[in-house]
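Below is data.txt, holding compact mmCIF, C-alpha atoms.
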# COMPACT_ATOMS: atom_id res chain seq x y z
CA MET E 1 96.10 0.27 10.54
CA ARG E 2 93.00 0.26 8.36
CA ASN E 3 90.40 2.64 9.59
CA PRO E 4 86.87 1.69 8.49
CA PHE E 5 85.32 5.01 9.61
CA LYS E 6 88.02 7.18 8.11
CA MET E 7 88.63 9.02 11.34
CA PRO E 8 91.85 9.79 13.19
CA PRO E 9 92.75 6.94 15.59
CA GLN E 10 92.64 9.16 18.68
CA VAL E 11 89.03 10.11 17.89
CA LEU E 12 88.15 6.45 17.33
CA ARG E 13 89.69 5.57 20.71
CA LEU E 14 87.71 8.33 22.34
CA CYS E 15 84.50 7.03 20.78
CA LEU E 16 85.24 3.50 21.93
CA LEU E 17 85.98 4.75 25.45
CA ALA E 18 82.72 6.69 25.52
CA LEU E 19 80.85 3.63 24.30
CA ALA E 20 82.49 1.50 27.00
CA ILE E 21 81.53 3.98 29.73
CA VAL E 22 77.94 4.30 28.55
CA SER E 23 77.48 0.56 28.12
CA SER E 24 78.96 -0.22 31.52
CA TYR E 25 76.56 2.32 33.03
CA ALA E 26 73.67 0.76 31.14
CA LEU E 27 74.69 -2.72 32.27
CA ALA E 28 75.06 -1.63 35.89
CA ARG E 29 71.71 0.13 35.78
CA TYR E 30 70.00 -2.87 34.21
CA PHE E 31 71.36 -5.42 36.64
CA LEU E 32 71.80 -3.45 39.85
CA THR E 33 68.46 -1.61 39.96
CA PRO E 34 66.26 -3.50 42.43
CA PRO E 35 63.34 -5.16 40.64
CA SER E 36 60.76 -3.35 42.75
CA PHE E 37 62.22 0.08 41.98
CA ARG E 38 59.52 2.23 40.30
CA GLN E 39 56.82 -0.21 41.35
CA TYR E 40 54.99 2.72 42.97
CA GLY E 41 57.39 5.58 42.31
CA TRP E 42 61.01 6.61 42.36
CA TYR E 43 61.92 4.29 45.22
CA ARG E 44 62.19 0.61 46.10
CA GLY E 45 58.68 -0.83 46.37
CA ALA E 46 59.94 -3.75 48.46
CA ALA E 47 60.79 -1.25 51.22
CA LEU E 48 57.06 -1.04 51.96
CA SER E 49 56.75 -4.74 52.71
CA GLU E 50 60.00 -4.70 54.67
CA LEU E 51 58.62 -1.95 56.88
CA GLN E 52 55.42 -3.93 57.32
CA ALA E 53 57.27 -7.04 58.42
CA ARG E 54 58.17 -5.86 61.96
CA GLU E 55 56.15 -7.37 64.81
CA PRO E 56 53.95 -5.08 66.91
CA VAL E 57 54.69 -4.60 70.61
CA PHE E 58 51.26 -3.28 71.59
CA ALA E 59 48.56 -5.84 70.86
CA GLY E 60 45.54 -3.53 70.68
CA LYS E 61 42.24 -3.56 72.53
CA LYS E 62 40.74 -6.25 70.30
CA ALA E 63 43.40 -8.77 71.26
CA CYS E 64 42.69 -8.12 74.96
CA GLU E 65 38.98 -8.60 74.40
CA GLU E 66 39.48 -12.19 73.23
CA CYS E 67 40.15 -13.32 76.81
CA HIS E 68 39.28 -10.36 79.04
CA SER E 69 35.91 -9.35 77.62
CA ASP E 70 34.43 -9.19 81.15
CA GLN E 71 36.91 -6.48 82.17
CA LEU E 72 36.39 -4.59 78.92
CA ASN E 73 32.65 -4.77 79.41
CA LYS E 74 33.00 -3.17 82.83
CA LEU E 75 35.39 -0.56 81.43
CA SER E 76 33.04 0.40 78.60
CA LYS E 77 30.33 1.45 81.08
CA GLY E 78 32.45 3.92 83.02
CA GLU E 79 34.35 7.15 82.61
CA HIS E 80 37.44 5.29 81.48
CA LYS E 81 35.72 3.83 78.40
CA THR E 82 38.04 5.64 75.98
CA LEU E 83 41.11 4.06 77.55
CA SER E 84 42.96 1.25 75.89
CA CYS E 85 44.01 -1.58 78.20
CA GLU E 86 47.63 -1.03 77.28
CA ALA E 87 47.50 2.66 78.24
CA CYS E 88 47.67 1.60 81.90
CA HIS E 89 48.84 -2.02 81.76
CA GLY E 90 51.72 -1.52 79.31
CA PRO E 91 52.53 -3.29 76.05
CA GLY E 92 50.85 -6.68 75.77
CA GLN E 93 51.74 -8.37 72.50
CA ALA E 94 54.06 -10.84 74.26
CA HIS E 95 51.29 -11.68 76.75
CA SER E 96 48.75 -11.95 73.95
CA ASP E 97 50.95 -14.39 72.01
CA ASN E 98 51.64 -16.47 75.10
CA PRO E 99 49.37 -15.94 78.15
CA ASP E 100 52.04 -17.49 80.40
CA VAL E 101 54.14 -14.36 79.87
CA LYS E 102 52.76 -12.03 82.50
CA ILE E 103 52.67 -8.27 82.14
CA GLU E 104 54.91 -6.93 84.87
CA LEU E 105 53.46 -4.67 87.51
CA LYS E 106 56.28 -2.17 87.04
CA ASN E 107 54.95 -1.45 83.53
CA PHE E 108 51.68 -0.16 84.98
CA SER E 109 51.12 3.57 84.61
CA PRO E 110 50.28 5.24 87.91
CA CYS E 111 46.95 7.09 88.18
CA ILE E 112 48.64 10.43 88.86
CA ARG E 113 50.34 10.27 85.50
CA CYS E 114 47.07 11.57 84.09
CA HIS E 115 45.30 12.93 87.17
CA GLU E 116 48.00 14.98 88.92
CA SER E 117 46.97 18.62 88.77
CA ASN E 118 48.81 20.72 86.21
CA PRO E 119 47.74 24.18 84.99
CA SER E 120 48.44 23.16 81.39
CA ARG E 121 45.89 20.36 81.52
CA PRO E 122 42.46 21.12 80.11
CA LYS E 123 39.82 22.10 82.66
CA TRP E 124 37.38 19.30 81.76
CA HIS E 125 39.91 16.71 82.90
CA LYS E 126 39.62 15.56 86.53
CA GLN E 127 42.78 16.44 88.43
CA VAL E 128 43.94 16.30 92.03
CA VAL E 129 46.95 17.56 93.91
CA SER E 130 47.91 14.10 95.11
CA LYS E 131 49.68 15.34 98.28
CA ASN E 132 46.57 17.13 99.47
CA HIS E 133 44.10 14.59 98.10
CA TYR E 134 45.18 11.50 100.03
CA THR E 135 48.22 10.57 102.07
CA GLY E 136 47.65 6.81 102.04
CA SER E 137 49.54 4.44 99.81
CA LYS E 138 47.18 3.43 97.03
CA CYS E 139 44.56 5.13 94.86
CA THR E 140 42.77 1.78 94.58
CA GLU E 141 41.87 1.92 98.27
CA CYS E 142 39.07 4.32 97.29
CA HIS E 143 38.83 4.07 93.48
CA VAL E 144 38.22 1.26 91.02
CA PRO E 145 40.28 1.98 87.90
CA HIS E 146 38.03 -0.08 85.62
CA SER E 147 34.94 1.74 86.87
CA PRO E 148 35.99 5.10 88.36
CA THR E 149 32.60 6.08 89.83
CA GLU E 150 32.33 2.82 91.77
CA VAL E 151 33.34 2.67 95.44
CA PRO E 152 35.15 -0.54 96.43
CA MET Z 1 98.67 -6.42 7.78
CA SER Z 2 96.73 -9.68 7.59
CA GLN Z 3 98.36 -10.76 10.87
CA GLN Z 4 97.12 -7.59 12.52
CA VAL Z 5 93.57 -8.14 11.26
CA SER Z 6 93.46 -11.71 12.42
CA ARG Z 7 94.69 -10.69 15.87
CA ARG Z 8 91.98 -8.10 16.09
CA ASN Z 9 89.42 -10.62 14.95
CA LEU Z 10 90.62 -13.06 17.56
CA LEU Z 11 90.49 -10.45 20.32
CA GLY Z 12 87.05 -9.44 19.19
CA LYS Z 13 85.83 -13.03 19.28
CA ILE Z 14 87.30 -13.63 22.74
CA GLY Z 15 85.73 -10.41 23.97
CA ALA Z 16 82.33 -11.30 22.53
CA ALA Z 17 82.47 -14.80 24.03
CA ALA Z 18 83.46 -13.43 27.44
CA ALA Z 19 80.71 -10.81 27.30
CA GLY Z 20 78.22 -13.47 26.24
CA VAL Z 21 79.14 -15.79 29.10
CA MET Z 22 79.16 -12.94 31.61
CA SER Z 23 75.88 -11.44 30.51
CA ALA Z 24 74.23 -14.88 30.48
CA SER Z 25 75.38 -15.62 34.02
CA LEU Z 26 74.49 -12.08 35.16
CA ALA Z 27 71.08 -12.39 33.60
CA ARG Z 28 70.57 -15.67 35.44
CA THR Z 29 71.56 -14.11 38.79
CA ALA Z 30 69.37 -11.13 38.06
CA LYS Z 31 66.46 -13.40 37.28
CA ALA Z 32 67.04 -15.34 40.51
CA ALA Z 33 67.15 -12.06 42.44
CA VAL Z 34 63.90 -10.92 40.82
CA GLN Z 35 62.18 -14.15 41.75
CA LYS Z 36 63.51 -14.02 45.30
CA VAL Z 37 62.22 -10.49 45.73
CA LEU Z 38 58.86 -11.32 44.16
CA VAL Z 39 58.40 -14.22 46.55
CA SER Z 40 59.40 -12.22 49.62
CA THR Z 41 57.23 -9.14 49.01
CA GLY Z 42 54.27 -8.51 51.23
CA ALA Z 43 51.84 -9.10 48.37
CA ALA Z 44 50.66 -12.30 50.06
CA LYS Z 45 49.54 -10.33 53.11
CA GLY Z 46 46.92 -8.65 50.97
CA TYR Z 47 47.80 -5.07 51.82
CA ASP Z 48 47.52 -2.83 48.78
CA PRO Z 49 48.99 0.63 49.49
CA THR Z 50 47.05 2.20 46.63
CA LYS Z 51 43.72 1.41 48.33
CA HIS Z 52 44.33 3.43 51.50
CA LYS Z 53 44.96 7.04 52.44
CA TRP Z 54 45.95 7.46 56.06
CA VAL Z 55 45.45 10.68 58.00
CA MET Z 56 46.00 11.75 61.57
CA ALA Z 57 44.12 14.44 63.44
CA ILE Z 58 45.03 15.92 66.80
CA ASP Z 59 42.66 17.62 69.18
CA ALA Z 60 44.83 19.69 71.52
CA ASN Z 61 41.75 20.45 73.66
CA ARG Z 62 41.78 16.82 74.72
CA CYS Z 63 45.52 16.35 75.27
CA ILE Z 64 46.34 16.05 78.97
CA GLY Z 65 50.10 15.76 78.49
CA CYS Z 66 50.42 12.34 80.13
CA GLY Z 67 53.15 11.34 77.68
CA LEU Z 68 51.83 7.83 77.10
CA CYS Z 69 51.96 8.35 73.33
CA ALA Z 70 55.62 9.38 73.29
CA GLU Z 71 56.54 6.51 75.57
CA ALA Z 72 54.54 3.93 73.58
CA CYS Z 73 56.12 5.18 70.35
CA LYS Z 74 59.60 4.57 71.72
CA THR Z 75 58.67 1.09 72.88
CA GLU Z 76 56.81 0.11 69.74
CA ASN Z 77 59.43 1.35 67.31
CA HIS Z 78 62.54 0.43 69.35
CA VAL Z 79 63.74 4.02 69.23
CA PRO Z 80 67.12 4.29 70.99
CA GLU Z 81 67.44 5.81 74.45
CA GLY Z 82 68.21 9.50 74.53
CA PRO Z 83 66.76 12.58 72.87
CA TYR Z 84 65.29 10.74 69.90
CA TYR Z 85 61.55 10.87 69.38
CA ARG Z 86 59.27 9.97 66.51
CA THR Z 87 56.46 11.68 68.34
CA TRP Z 88 56.65 14.03 71.26
CA ILE Z 89 54.55 16.50 73.25
CA GLU Z 90 55.27 20.19 73.61
CA ARG Z 91 53.90 22.34 76.41
CA TYR Z 92 53.01 25.88 75.45
CA ILE Z 93 52.74 28.44 78.20
CA ILE Z 94 51.64 31.93 77.23
CA THR Z 95 52.09 34.36 80.10
CA LYS Z 96 49.92 37.32 80.95
CA PRO Z 97 51.19 40.60 79.45
CA ARG Z 98 53.05 43.00 81.69
CA PRO Z 99 50.60 45.60 83.07
CA GLY Z 100 50.69 48.76 80.98
CA SER Z 101 52.70 47.14 78.18
CA GLY Z 102 49.80 47.34 75.76
CA ASP Z 103 50.32 43.77 74.61
CA ALA Z 104 47.52 41.26 74.29
CA ARG Z 105 49.69 38.36 75.36
CA GLY Z 106 52.93 37.91 77.22
CA GLU Z 107 55.85 35.67 76.46
CA THR Z 108 55.46 32.26 74.84
CA LEU Z 109 57.37 29.54 76.66
CA VAL Z 110 57.71 26.11 75.08
CA ASP Z 111 59.19 23.14 76.83
CA CYS Z 112 59.41 19.45 76.14
CA PRO Z 113 61.32 17.55 78.89
CA SER Z 114 62.33 14.10 77.52
CA GLY Z 115 59.87 14.53 74.67
CA GLY Z 116 57.13 14.70 77.27
CA MET Z 117 57.27 10.93 77.65
CA HIS Z 118 57.44 11.08 81.45
CA GLY Z 119 54.85 13.81 81.78
CA PHE Z 120 55.49 17.43 82.68
CA PRO Z 121 56.75 19.02 85.89
CA GLU Z 122 55.25 22.10 87.48
CA PRO Z 123 55.33 25.02 85.01
CA PRO Z 124 58.40 27.29 85.18
CA VAL Z 125 56.21 30.33 85.90
CA PRO Z 126 53.70 30.70 88.76
CA LYS Z 127 50.15 29.64 87.94
CA GLU Z 128 48.84 33.20 88.41
CA GLU Z 129 51.06 34.53 85.62
CA ILE Z 130 49.82 32.03 83.01
CA GLN Z 131 47.31 33.38 80.55
CA HIS Z 132 46.88 30.19 78.56
CA SER Z 133 48.65 26.86 78.56
CA PHE Z 134 48.13 23.68 76.61
CA PHE Z 135 49.87 20.62 75.20
CA VAL Z 136 50.57 19.98 71.52
CA PRO Z 137 51.47 16.46 70.42
CA LYS Z 138 53.78 16.51 67.42
CA LEU Z 139 54.73 13.94 64.82
CA CYS Z 140 55.51 13.68 61.12
CA ASN Z 141 53.03 15.96 59.39
CA LEU Z 142 52.57 13.61 56.40
CA CYS Z 143 53.08 16.42 53.91
CA GLU Z 144 51.53 16.12 50.50
CA HIS Z 145 54.54 18.04 49.13
CA SER Z 146 57.28 16.86 51.47
CA ALA Z 147 60.49 18.84 51.66
CA CYS Z 148 62.30 15.77 52.98
CA VAL Z 149 61.44 13.68 49.93
CA GLN Z 150 62.58 16.40 47.56
CA VAL Z 151 66.05 16.68 49.08
CA CYS Z 152 66.90 12.98 49.45
CA PRO Z 153 69.76 12.36 47.02
CA VAL Z 154 69.33 8.57 46.84
CA GLY Z 155 65.56 8.06 46.72
CA ALA Z 156 65.56 6.54 50.22
CA THR Z 157 62.65 8.60 51.51
CA PHE Z 158 59.42 8.66 49.62
CA ASP Z 159 55.69 9.33 49.69
CA ALA Z 160 54.04 5.94 49.77
CA PRO Z 161 50.79 5.67 47.79
CA ASP Z 162 48.84 5.33 51.06
CA GLY Z 163 49.96 8.73 52.31
CA ALA Z 164 52.73 7.63 54.69
CA VAL Z 165 56.11 9.30 54.21
CA LEU Z 166 58.60 6.50 54.74
CA ILE Z 167 62.33 5.83 54.78
CA ASP Z 168 63.97 2.84 53.12
CA PRO Z 169 66.69 2.04 55.70
CA LYS Z 170 68.63 -0.02 53.17
CA TYR Z 171 68.97 2.94 50.82
CA CYS Z 172 69.47 5.74 53.36
CA ILE Z 173 73.08 6.89 53.43
CA GLY Z 174 72.61 9.01 56.56
CA CYS Z 175 73.57 12.30 54.92
CA GLY Z 176 71.05 14.19 57.02
CA PHE Z 177 69.68 16.46 54.27
CA CYS Z 178 66.12 15.41 55.10
CA ILE Z 179 66.66 16.18 58.79
CA GLN Z 180 67.53 19.76 57.89
CA ALA Z 181 64.80 20.03 55.30
CA CYS Z 182 61.90 18.97 57.54
CA PRO Z 183 60.25 22.21 58.69
CA TYR Z 184 58.60 20.40 61.59
CA GLY Z 185 61.76 18.85 63.05
CA CYS Z 186 60.30 15.38 62.81
CA ARG Z 187 63.43 13.51 61.74
CA PHE Z 188 66.58 12.43 63.51
CA LEU Z 189 69.65 10.37 62.78
CA ASN Z 190 69.40 7.05 64.55
CA PRO Z 191 72.68 6.72 66.50
CA VAL Z 192 72.63 2.92 66.16
CA THR Z 193 71.77 2.39 62.49
CA LYS Z 194 73.18 5.79 61.36
CA THR Z 195 70.18 6.26 59.11
CA ALA Z 196 67.47 8.91 59.21
CA GLU Z 197 64.37 7.93 61.12
CA LYS Z 198 60.90 9.35 61.63
CA CYS Z 199 57.30 8.49 62.36
CA THR Z 200 56.12 5.79 59.97
CA LEU Z 201 52.56 5.96 61.30
CA CYS Z 202 53.52 2.57 62.77
CA TYR Z 203 53.46 1.14 59.27
CA HIS Z 204 53.76 -2.44 60.59
CA ARG Z 205 50.62 -1.86 62.68
CA ILE Z 206 48.35 0.02 60.31
CA THR Z 207 48.95 -2.55 57.57
CA ARG Z 208 47.78 -5.22 60.03
CA GLY Z 209 44.59 -3.31 60.80
CA LEU Z 210 45.80 -1.94 64.14
CA ASN Z 211 46.00 1.71 65.18
CA PRO Z 212 49.39 3.40 65.52
CA ALA Z 213 50.77 2.84 69.02
CA CYS Z 214 50.29 6.50 70.05
CA VAL Z 215 46.63 6.43 69.00
CA GLU Z 216 46.13 3.08 70.72
CA VAL Z 217 47.34 4.28 74.13
CA CYS Z 218 46.00 7.87 74.06
CA PRO Z 219 43.58 7.88 77.00
CA THR Z 220 41.52 10.87 75.87
CA GLN Z 221 41.32 10.26 72.12
CA ALA Z 222 43.26 13.43 71.48
CA ARG Z 223 44.84 11.58 68.58
CA VAL Z 224 42.49 10.40 65.86
CA PHE Z 225 43.57 8.14 63.04
CA GLY Z 226 41.71 7.05 59.96
CA ASP Z 227 41.66 5.98 56.35
CA LEU Z 228 40.15 8.49 53.93
CA LYS Z 229 39.59 5.84 51.27
CA ASN Z 230 37.81 3.39 53.60
CA PRO Z 231 35.91 5.44 56.17
CA ALA Z 232 34.71 3.39 59.11
CA PRO Z 233 31.06 3.56 60.18
CA ASP Z 234 30.88 6.62 62.45
CA ASP Z 235 34.34 7.54 61.20
CA PRO Z 236 36.38 9.33 63.89
CA ILE Z 237 38.14 11.46 61.28
CA GLN Z 238 34.87 12.73 59.81
CA ARG Z 239 33.58 13.39 63.33
CA PHE Z 240 36.76 15.35 64.04
CA TYR Z 241 36.16 17.56 60.99
CA GLN Z 242 32.53 18.07 61.90
CA ASN Z 243 33.16 19.05 65.50
CA ASN Z 244 36.29 21.17 65.18
CA LYS Z 245 37.78 24.11 63.42
CA VAL Z 246 40.84 22.45 61.97
CA GLN Z 247 44.20 23.86 60.93
CA ALA Z 248 47.58 22.58 59.84
CA LEU Z 249 51.02 23.61 61.08
CA LYS Z 250 53.01 26.16 59.03
CA PRO Z 251 50.54 26.31 56.12
CA HIS Z 252 52.54 29.15 54.52
CA LEU Z 253 55.29 26.69 53.59
CA GLY Z 254 53.04 24.95 51.07
CA THR Z 255 53.86 21.50 52.38
CA ASP Z 256 50.16 20.69 52.65
CA PRO Z 257 50.31 18.54 55.79
CA ARG Z 258 47.85 15.72 56.31
CA VAL Z 259 48.07 15.95 60.09
CA TYR Z 260 45.33 18.32 61.21
CA TYR Z 261 45.15 20.14 64.49
CA ALA Z 262 42.28 21.53 66.48
CA GLY Z 263 42.45 23.79 69.52
CA ILE Z 264 45.90 25.30 69.13
CA ASP Z 265 46.88 28.96 69.38
CA LYS Z 266 48.61 30.97 66.70
CA GLU Z 267 51.85 30.70 68.70
CA VAL Z 268 52.16 27.01 67.80
CA ARG Z 269 54.70 26.34 65.10
Could you take the file, read its structure, and then write that structure out as structure tokens?
Amino acid sequence: MRNPFKMPPQVLRLCLLALAIVSSYALARYFLTPPSFRQYGWYRGAALSELQAREPVFAGKKACEECHSDQLNKLSKGEHKTLSCEACHGPGQAHSDNPDVKIELKNFSPCIRCHESNPSRPKWHKQVVSKNHYTGSKCTECHVPHSPTEVP
Amino acid sequence: MSQQVSRRNLLGKIGAAAAGVMSASLARTAKAAVQKVLVSTGAAKGYDPTKHKWVMAIDANRCIGCGLCAEACKTENHVPEGPYYRTWIERYIITKPRPGSGDARGETLVDCPSGGMHGFPEPPVPKEEIQHSFFVPKLCNLCEHSACVQVCPVGATFDAPDGAVLIDPKYCIGCGFCIQACPYGCRFLNPVTKTAEKCTLCYHRITRGLNPACVEVCPTQARVFGDLKNPAPDDPIQRFYQNNKVQALKPHLGTDPRVYYAGIDKEVR
């Protein structure tokens, strides 16, 4: 066999093998690397838009305001002004997309979730020992959640 | 001899032709894939990650431990049932020192029943024995130099240009290195997808102009969220810095967290 590089055949075979390995790696790297890789850094840039694509479950206070601005207006004047609607009423994106889908009452957070007395709670926060405070059935008999200082 | 040469030539020609055909078809598929990806990226939505820098600040003085944030996080991010939390609340109880012990403070008790998402029961020690007690909401600390990103062997977790530390679920192989590396214990292996998961700052919400779910439902504004590159008028983050003495968790580790805390004791880790 004529050897153009004047090297022993086993060395030539080794060189060819090395070349094959390197070129197959280069080919795989060229074709299998996702196009958005290194768009921002050493990761797939498309992952960012994929993570963005999911739909929210909580609609946000602004979405509530579109229809319920009267309630939000009342809320903004009282002690509960920092509360988001969905803090008590539960997630509302489904209701915001389609008003026929009602938010279920079981999703409502009870008042004592925040106002039950607990020594770990900060002192500025109004707390009651619910058993001693009132033995009736509902907080709303005496309190208006949207305007806590008001008496119904 | 000449026969041998011609055979080699023939083989070479066949090889070259095959390679040519294959590379042409591969190049075409690759091009199609590129175009498909370019069309499906979120570029049309107009969110540019390089134009934002998200931060979170937590005022423990305001946290009442209601657990709405932890519950909302589970709902919003479809986190599986069980002890898996992207954000959670810890209760710190520091007892009074034993009389005559010479200590300034007693024992530090930390508990976190169900991530705090259903609130907290009565403390395990009588009220009279408590020196100081408070709640600390925890989440991904958005480290500037994240240990989790450094250890990921496949480039599945990364620091996004907008400051969020994210996981590419398609690249994650579920090896769990990042879960061990995170000094704040913010990661877990999702039992359904078998990939690592963590707080994404509700990436699908913040890119739509909404607040993260935990910030949205927090009744006392103990959680404050903002964009350092686009401060809002009367920016809550700037107000937080002005009104509080802020600190980060485990600063000695050099992770440089971008979640700042106010009103926590030295016992908090």
**Message:** So, with all atoms listed in the file as the atoms that count, which of E:Ala46, E:His146, E:Ser130, E:Glu141 lies closest to Leu83 in chain E?
**Reply:**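 Among the listed residues, E:His146 lies closest to Leu83 in chain E.
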Taking only residues of chain Z that have an atom at most 8 Å from an atom of chain E, what is each one's shortest atom pair and its distance in Å to one decimal, using all atoms listed in the file, in chain and number order, as a Markdown table?
| residue | atom | partner | partner_atom | distance |
| --- | --- | --- | --- | --- |
| Z:Met1 | CA | E:Met1 | CA | 7.7 |
| Z:Leu26 | CA | E:Phe31 | CA | 7.5 |
| Z:Ala27 | CA | E:Phe31 | CA | 7.6 |
| Z:Ala30 | CA | E:Phe31 | CA | 6.2 |
| Z:Val34 | CA | E:Pro35 | CA | 5.8 |
| Z:Val37 | CA | E:Pro35 | CA | 7.5 |
| Z:Thr41 | CA | E:Ser49 | CA | 5.8 |
| Z:Gly42 | CA | E:Ser49 | CA | 4.7 |
| Z:Ala43 | CA | E:Ser49 | CA | 7.9 |
| Z:Asn61 | CA | E:Pro122 | CA | 6.5 |
| Z:Arg62 | CA | E:Pro122 | CA | 6.9 |
| Z:Cys63 | CA | E:Arg121 | CA | 7.4 |
| Z:Ile64 | CA | E:Arg121 | CA | 5.0 |
| Z:Gly65 | CA | E:Arg121 | CA | 6.9 |
| Z:Cys66 | CA | E:Cys114 | CA | 5.2 |
| Z:Leu68 | CA | E:Ala87 | CA | 6.8 |
| Z:Ala72 | CA | E:Pro91 | CA | 7.9 |
| Z:Thr75 | CA | E:Val57 | CA | 7.3 |
| Z:Glu76 | CA | E:Val57 | CA | 5.2 |
| Z:Arg91 | CA | E:Ser120 | CA | 7.4 |
| Z:Tyr92 | CA | E:Ser120 | CA | 8.0 |
| Z:Ile93 | CA | E:Ser120 | CA | 7.5 |
| Z:Gly119 | CA | E:Arg113 | CA | 6.8 |
| Z:Glu122 | CA | E:Asn118 | CA | 6.7 |
| Z:Pro123 | CA | E:Pro119 | CA | 7.6 |
| Z:Lys127 | CA | E:Pro119 | CA | 6.7 |
| Z:His132 | CA | E:Ser120 | CA | 7.7 |
| Z:Ser133 | CA | E:Ser120 | CA | 4.7 |
| Z:Phe134 | CA | E:Ser120 | CA | 4.8 |
| Z:Phe135 | CA | E:Ser120 | CA | 6.8 |
| Z:Gly155 | CA | E:Tyr43 | CA | 5.5 |
| Z:Ala156 | CA | E:Tyr43 | CA | 6.6 |
| Z:Thr157 | CA | E:Tyr43 | CA | 7.7 |
| Z:Phe158 | CA | E:Tyr43 | CA | 6.7 |
| Z:Ala160 | CA | E:Tyr40 | CA | 7.6 |
| Z:Pro161 | CA | E:Tyr40 | CA | 7.0 |
| Z:Asp168 | CA | E:Ala47 | CA | 5.5 |
| Z:Tyr203 | CA | E:Gln52 | CA | 5.8 |
| Z:His204 | CA | E:Gln52 | CA | 4.0 |
| Z:Arg205 | CA | E:Pro56 | CA | 6.3 |
| Z:Thr207 | CA | E:Gln52 | CA | 6.6 |
| Z:Leu210 | CA | E:Gly60 | CA | 6.7 |
| Z:Asn211 | CA | E:Gly60 | CA | 7.6 |
| Z:Ala213 | CA | E:Phe58 | CA | 6.7 |
| Z:Glu216 | CA | E:Ser84 | CA | 6.3 |
| Z:Val217 | CA | E:Ala87 | CA | 4.4 |
| Z:Cys218 | CA | E:Ala87 | CA | 6.8 |
| Z:Pro219 | CA | E:Leu83 | CA | 4.6 |
| Z:Thr220 | CA | E:Thr82 | CA | 6.3 |
| Z:Gln221 | CA | E:Thr82 | CA | 6.9 |
**Asked** Which residue out of E:Pro9, E:Pro145, E:Pro110, E:Pro152 has the minimum interatomic distance to Gly78 in chain E when all atoms listed in the file are used?
**Response**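 Nearest to Gly78 in chain E: E:Pro145.
For Leu253 in chain Z, the non-local neighbours within 10 Å, defined as residues at least 5 positions apart in the same chain or in other chains and counting all atoms listed in the file, are Z:His145, Z:Ala147, Z:Pro183.
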**Request:** Could you check which of Z:Asp159, Z:Asp103, Z:Glu71, Z:Asp234 is closest to Ile89 in chain Z, using all atoms listed in the file?
**Result:**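 Selected residue with least distance to Ile89 in chain Z: Z:Glu71.
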**Message:** For a quick check of your reading of the model, name the residues lying within 8 Å of the coordinate (57.3, 32.5, 78.5), counting only C-alpha atoms, and write them as a list in words.
**Reply:** Ile93, Ile94, Thr95, Gly106, Glu107, Thr108, Leu109, Val110 and Val125 of chain Z
**Request:** Compile the contact shell of Gln71 in chain E as a list in words: residues with an atom at most 10 Å away, counting all atoms listed in the file, same-chain residues fewer than 4 positions apart removed.
**Result:**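 Once the adjacent positions are removed, what remains is Cys64, Glu65, Cys67, Leu75, Ser76, Cys85, His146 and Ser147 of chain E.
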**Complete:** One decimal place gives the CA of Cys112 in chain Z-CA of Gly174 in chain Z separation as 25.8 Å
**Request:** Enter the distance from CA of Gly100 in chain Z to CA of Arg269 in chain Z, in Å, rounded to one decimal.
**Result:**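 Interatomic distance, CA of Gly100 in chain Z to CA of Arg269 in chain Z: 27.8 Å.
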**Asked** Between CA of Cys69 in chain Z and CA of His118 in chain Z, what is the spacing in Å?
**Response**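 One can read the CA of His118 in chain Z to CA of Cys69 in chain Z distance as 10.2 Å.
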Per-axis box centre and lengths in Å around range 174-188 of chain Z, 8 Å margin per side, axis-aligned, as AutoDock Vina command-line options:
--center_x 66.1 --center_y 15.6 --center_z 58.9 --size_x 31.0 --size_y 29.2 --size_z 25.2
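Nearest to Met117 in chain Z of all the residues Z:Glu144, Z:Asp48, Z:Asp227, Z:Glu81 is Z:Glu81, based on only C-alpha atoms.
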**Option closest in space to Cys175 in chain Z, from Z:Val215, Z:Val192, Z:Val151, Z:Ala60 [counting all atoms listed in the file]** =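 Among the listed residues, the smallest separation from Cys175 in chain Z belongs to Z:Val151.
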